[in-house]
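Student: Before we start, here is the structure in question, set down as structure tokens.
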Amino acid sequence: GFAEREGKTAILFKTSKLSRKFQSADNANIEICWWMEQTSVQFRFSGEVKYEGFDEDRAKLWNSLNSAAKGQFFYDGPLDDSIHGEQFKKEEAAMQKCTLEGEEGPPENFALGVLFPTEVDYLNLQTLERRLYEADASVKEGWVLTQGFAPPVVSTVPPS
């Protein structure tokens, strides 16, 4: 969801500390893309992410999740092979463990990400309208808008 944190608008999201995006991050800048299927609209939010210092928000988000969403944080099998054979049994065990332990609060690997956008890119794929908002503290509104139209994506087949 959206929230006001540190005097700025932030986007809150959940992730696992075991995920590649968390473990392989080489800097604090990320991008989140939201696609709205029915309207063919896409939003890309870019900016700095923080994972620490939001314990109250972390607990609140955890408590808002259903058992299935919580269960993924109790899975202890290999992450690269979680959809075949015996691994399904480990996934089922994770769901049972969640039922038993999940009410005690989030496990250690449950992370809350707080994204502070510095850029919002809006693209309407029905009309090709595009708006790019960039954070700029030197202007009264705090954001600079550039708008126009995105060129259509054209797929080509290489010559044979």
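So you can find residues: chains in the structure tokens are A, B, ... in the order shown, residues in each start at 1, and ligands are numbered from 1 in order.
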Hey, which bits of stretch 97-151 of chain A sit within 10 Å of stretch 46-66 of chain A, and for each residue what's the closest pair of atoms and how far apart in Å (one decimal), counting only C-alpha atoms, rows by chain and increasing number, as a tab-separated table?
Tutor:
residue	atom	partner	partner_atom	distance
A:Gly102	CA	A:Trp62	CA	9.1
A:Glu103	CA	A:Asn63	CA	8.0
A:Glu104	CA	A:Asn63	CA	9.8
A:Gly105	CA	A:Ala59	CA	6.8
A:Pro106	CA	A:Trp62	CA	6.1
A:Pro107	CA	A:Trp62	CA	9.5
A:Phe110	CA	A:Trp62	CA	8.3
A:Ala111	CA	A:Tyr51	CA	6.6
A:Leu112	CA	A:Arg58	CA	5.4
A:Gly113	CA	A:Tyr51	CA	4.8
A:Val114	CA	A:Lys50	CA	5.2
A:Leu115	CA	A:Val49	CA	4.3
A:Phe116	CA	A:Glu48	CA	5.4
A:Pro117	CA	A:Gly47	CA	4.3
A:Thr118	CA	A:Gly47	CA	4.9
A:Glu119	CA	A:Ser46	CA	5.2
A:Val120	CA	A:Ser46	CA	6.5
A:Asp121	CA	A:Ser46	CA	8.4
A:Glu134	CA	A:Ser46	CA	9.6
A:Ala135	CA	A:Gly47	CA	9.7
Student: Those selected residues, please, written with all heavy atoms and delivered as a CSV table (one decimal), in the first residue's frame.
Tutor:
chain,number,residue,atom,x,y,z
A,102,GLY,N,2.4,-19.1,12.8
A,102,GLY,CA,2.2,-17.8,12.1
A,102,GLY,C,1.5,-16.8,12.9
A,102,GLY,O,1.6,-15.6,12.5
A,103,GLU,N,0.9,-17.1,14.0
A,103,GLU,CA,0.2,-16.1,14.8
A,103,GLU,C,1.1,-15.5,15.8
A,103,GLU,O,0.7,-14.5,16.4
A,103,GLU,CB,-1.1,-16.7,15.4
A,103,GLU,CG,-2.1,-17.3,14.5
A,103,GLU,CD,-2.5,-16.3,13.4
A,103,GLU,OE1,-2.8,-15.2,13.7
A,103,GLU,OE2,-2.6,-16.7,12.2
A,104,GLU,N,2.3,-16.0,15.9
A,104,GLU,CA,3.3,-15.4,16.8
A,104,GLU,C,4.0,-14.2,16.3
A,104,GLU,O,4.8,-13.6,16.9
A,104,GLU,CB,4.3,-16.5,17.3
A,104,GLU,CG,3.6,-17.6,18.0
A,104,GLU,CD,4.6,-18.7,18.3
A,104,GLU,OE1,5.9,-18.5,18.1
A,104,GLU,OE2,4.2,-19.8,18.6
A,105,GLY,N,3.7,-13.8,15.0
A,105,GLY,CA,4.4,-12.7,14.4
A,105,GLY,C,5.2,-13.2,13.2
A,105,GLY,O,5.4,-14.4,13.0
A,106,PRO,N,5.8,-12.3,12.5
A,106,PRO,CA,6.5,-12.7,11.2
A,106,PRO,C,7.8,-13.4,11.5
A,106,PRO,O,8.5,-13.0,12.5
A,106,PRO,CB,6.7,-11.3,10.5
A,106,PRO,CG,6.6,-10.3,11.6
A,106,PRO,CD,5.7,-10.9,12.6
A,107,PRO,N,8.1,-14.4,10.7
A,107,PRO,CA,9.4,-15.0,10.9
A,107,PRO,C,10.6,-14.1,10.4
A,107,PRO,O,10.3,-13.1,9.8
A,107,PRO,CB,9.3,-16.3,9.9
A,107,PRO,CG,8.3,-15.9,8.9
A,107,PRO,CD,7.4,-15.0,9.6
A,110,PHE,N,10.8,-12.6,6.8
A,110,PHE,CA,9.8,-11.8,6.3
A,110,PHE,C,10.3,-10.3,6.3
A,110,PHE,O,10.6,-9.8,7.4
A,110,PHE,CB,8.5,-11.9,7.1
A,110,PHE,CG,7.4,-11.0,6.7
A,110,PHE,CD1,6.6,-11.3,5.6
A,110,PHE,CD2,7.1,-9.9,7.4
A,110,PHE,CE1,5.6,-10.5,5.2
A,110,PHE,CE2,6.0,-9.0,7.0
A,110,PHE,CZ,5.3,-9.4,5.9
A,111,ALA,N,10.4,-9.7,5.1
A,111,ALA,CA,10.9,-8.3,5.1
A,111,ALA,C,9.8,-7.4,4.5
A,111,ALA,O,9.1,-7.8,3.6
A,111,ALA,CB,12.1,-8.3,4.2
A,112,LEU,N,9.8,-6.2,5.1
A,112,LEU,CA,8.9,-5.2,4.6
A,112,LEU,C,9.8,-4.2,3.8
A,112,LEU,O,10.8,-3.7,4.4
A,112,LEU,CB,8.2,-4.4,5.7
A,112,LEU,CG,7.6,-3.1,5.3
A,112,LEU,CD1,6.3,-3.4,4.5
A,112,LEU,CD2,7.3,-2.2,6.5
A,113,GLY,N,9.5,-4.0,2.5
A,113,GLY,CA,10.3,-3.0,1.7
A,113,GLY,C,9.5,-1.7,1.7
A,113,GLY,O,8.3,-1.7,1.6
A,114,VAL,N,10.2,-0.6,1.9
A,114,VAL,CA,9.5,0.7,1.8
A,114,VAL,C,10.3,1.5,0.7
A,114,VAL,O,11.4,1.8,0.8
A,114,VAL,CB,9.7,1.5,3.1
A,114,VAL,CG1,9.0,2.8,3.0
A,114,VAL,CG2,9.0,0.6,4.3
A,115,LEU,N,9.5,1.6,-0.4
A,115,LEU,CA,10.1,2.3,-1.6
A,115,LEU,C,9.7,3.8,-1.6
A,115,LEU,O,8.5,4.1,-1.4
A,115,LEU,CB,9.5,1.7,-2.9
A,115,LEU,CG,9.8,2.4,-4.2
A,115,LEU,CD1,11.3,2.5,-4.5
A,115,LEU,CD2,9.1,1.8,-5.4
A,116,PHE,N,10.7,4.6,-1.7
A,116,PHE,CA,10.5,6.1,-1.8
A,116,PHE,C,10.7,6.5,-3.2
A,116,PHE,O,11.8,6.7,-3.7
A,116,PHE,CB,11.5,6.8,-0.8
A,116,PHE,CG,11.3,6.5,0.6
A,116,PHE,CD1,12.0,5.5,1.3
A,116,PHE,CD2,10.3,7.2,1.3
A,116,PHE,CE1,11.8,5.2,2.6
A,116,PHE,CE2,10.1,6.9,2.7
A,116,PHE,CZ,10.8,6.0,3.3
A,117,PRO,N,9.6,6.6,-4.0
A,117,PRO,CA,9.7,6.9,-5.4
A,117,PRO,C,10.4,8.3,-5.7
A,117,PRO,O,10.1,9.3,-5.1
A,117,PRO,CB,8.3,6.9,-6.0
A,117,PRO,CG,7.5,6.2,-4.9
A,117,PRO,CD,8.2,6.4,-3.6
A,118,THR,N,11.3,8.3,-6.7
A,118,THR,CA,11.8,9.5,-7.2
A,118,THR,C,11.4,9.7,-8.6
A,118,THR,O,11.7,10.7,-9.2
A,118,THR,CB,13.4,9.5,-7.1
A,118,THR,OG1,13.9,8.4,-7.7
A,118,THR,CG2,13.8,9.5,-5.6
A,119,GLU,N,10.8,8.7,-9.2
A,119,GLU,CA,10.3,8.7,-10.6
A,119,GLU,C,9.1,7.8,-10.7
A,119,GLU,O,9.0,6.7,-10.1
A,119,GLU,CB,11.4,8.2,-11.5
A,119,GLU,CG,11.1,8.4,-12.9
A,119,GLU,CD,12.3,8.0,-13.8
A,119,GLU,OE1,13.3,8.8,-13.8
A,119,GLU,OE2,12.2,7.0,-14.4
A,120,VAL,N,8.0,8.3,-11.3
A,120,VAL,CA,6.8,7.6,-11.6
A,120,VAL,C,6.6,7.7,-13.1
A,120,VAL,O,6.4,8.8,-13.7
A,120,VAL,CB,5.6,8.1,-10.8
A,120,VAL,CG1,4.4,7.3,-11.2
A,120,VAL,CG2,5.9,8.1,-9.3
A,121,ASP,N,6.6,6.6,-13.8
A,121,ASP,CA,6.4,6.5,-15.2
A,121,ASP,C,5.0,5.9,-15.5
A,121,ASP,O,4.8,4.7,-15.2
A,121,ASP,CB,7.5,5.7,-15.9
A,121,ASP,CG,7.6,5.8,-17.4
A,121,ASP,OD1,6.7,6.4,-18.0
A,121,ASP,OD2,8.5,5.2,-17.9
A,134,GLU,N,9.1,13.2,-12.3
A,134,GLU,CA,10.4,13.1,-11.6
A,134,GLU,C,10.5,14.0,-10.4
A,134,GLU,O,10.1,15.2,-10.5
A,134,GLU,CB,11.6,13.5,-12.6
A,134,GLU,CG,11.6,12.5,-13.8
A,134,GLU,CD,12.6,13.0,-14.8
A,134,GLU,OE1,12.3,13.9,-15.6
A,134,GLU,OE2,13.8,12.4,-14.8
A,135,ALA,N,10.9,13.5,-9.2
A,135,ALA,CA,11.0,14.2,-8.0
A,135,ALA,C,12.0,15.4,-8.2
A,135,ALA,O,13.1,15.1,-8.7
A,135,ALA,CB,11.4,13.3,-6.8
Student: How many Å lie between atom CA of A:Ile32 and atom CA of A:Leu123, rounded to one decimal?
Tutor: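 Distance between the two atoms: 13.8 Å.
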Student: Write down as a PyMOL selection string the residues belonging to chain A that are assigned strand (DSSP E or B) by DSSP computed on the backbone.
Tutor: chain A and resi 2-5+8-16+29-36+41-50+110-124+129-135+143-149
Student: Separation of atom CA of A:Arg131 and atom CA of A:Ala150, in Å?
Tutor: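 About the pair atom CA of A:Arg131 and atom CA of A:Ala150: they are 9.3 Å apart.
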Student: Pick from A:Ser16, A:Phe73, A:Ser67, A:Leu132: nearest to A:Val144, with only C-alpha atoms counted?
Tutor: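 Nearest candidate to A:Val144 out of A:Ser16, A:Phe73, A:Ser67, A:Leu132: A:Leu132.
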Student: Counting only C-alpha atoms, figure out which residue out of A:Asn109, A:Asn124, A:Thr9, A:Thr156 gets nearest to A:Trp34.
Tutor: A:Asn124
Student: Would you work out the distance separating atom CA of A:Gly1 from atom CA of A:Thr15, expressed in Å to one decimal?
Tutor: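 Taking atom CA of A:Gly1 as the start and atom CA of A:Thr15 as the end point, the length is 13.6 Å.
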Student: Run DSSP on the backbone and grab whatever in chain A lands in alpha helix (DSSP H); send it over as a PyMOL selection string.
Tutor: chain A and resi 20-23+55-64+67-71+87-101
Student: Given only C-alpha atoms as the basis, pick out the residue of A:Tyr75, A:Phe45, A:Phe2, A:Tyr133 nearest to A:Asn29.
Tutor: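 Nearest to A:Asn29: A:Phe45.
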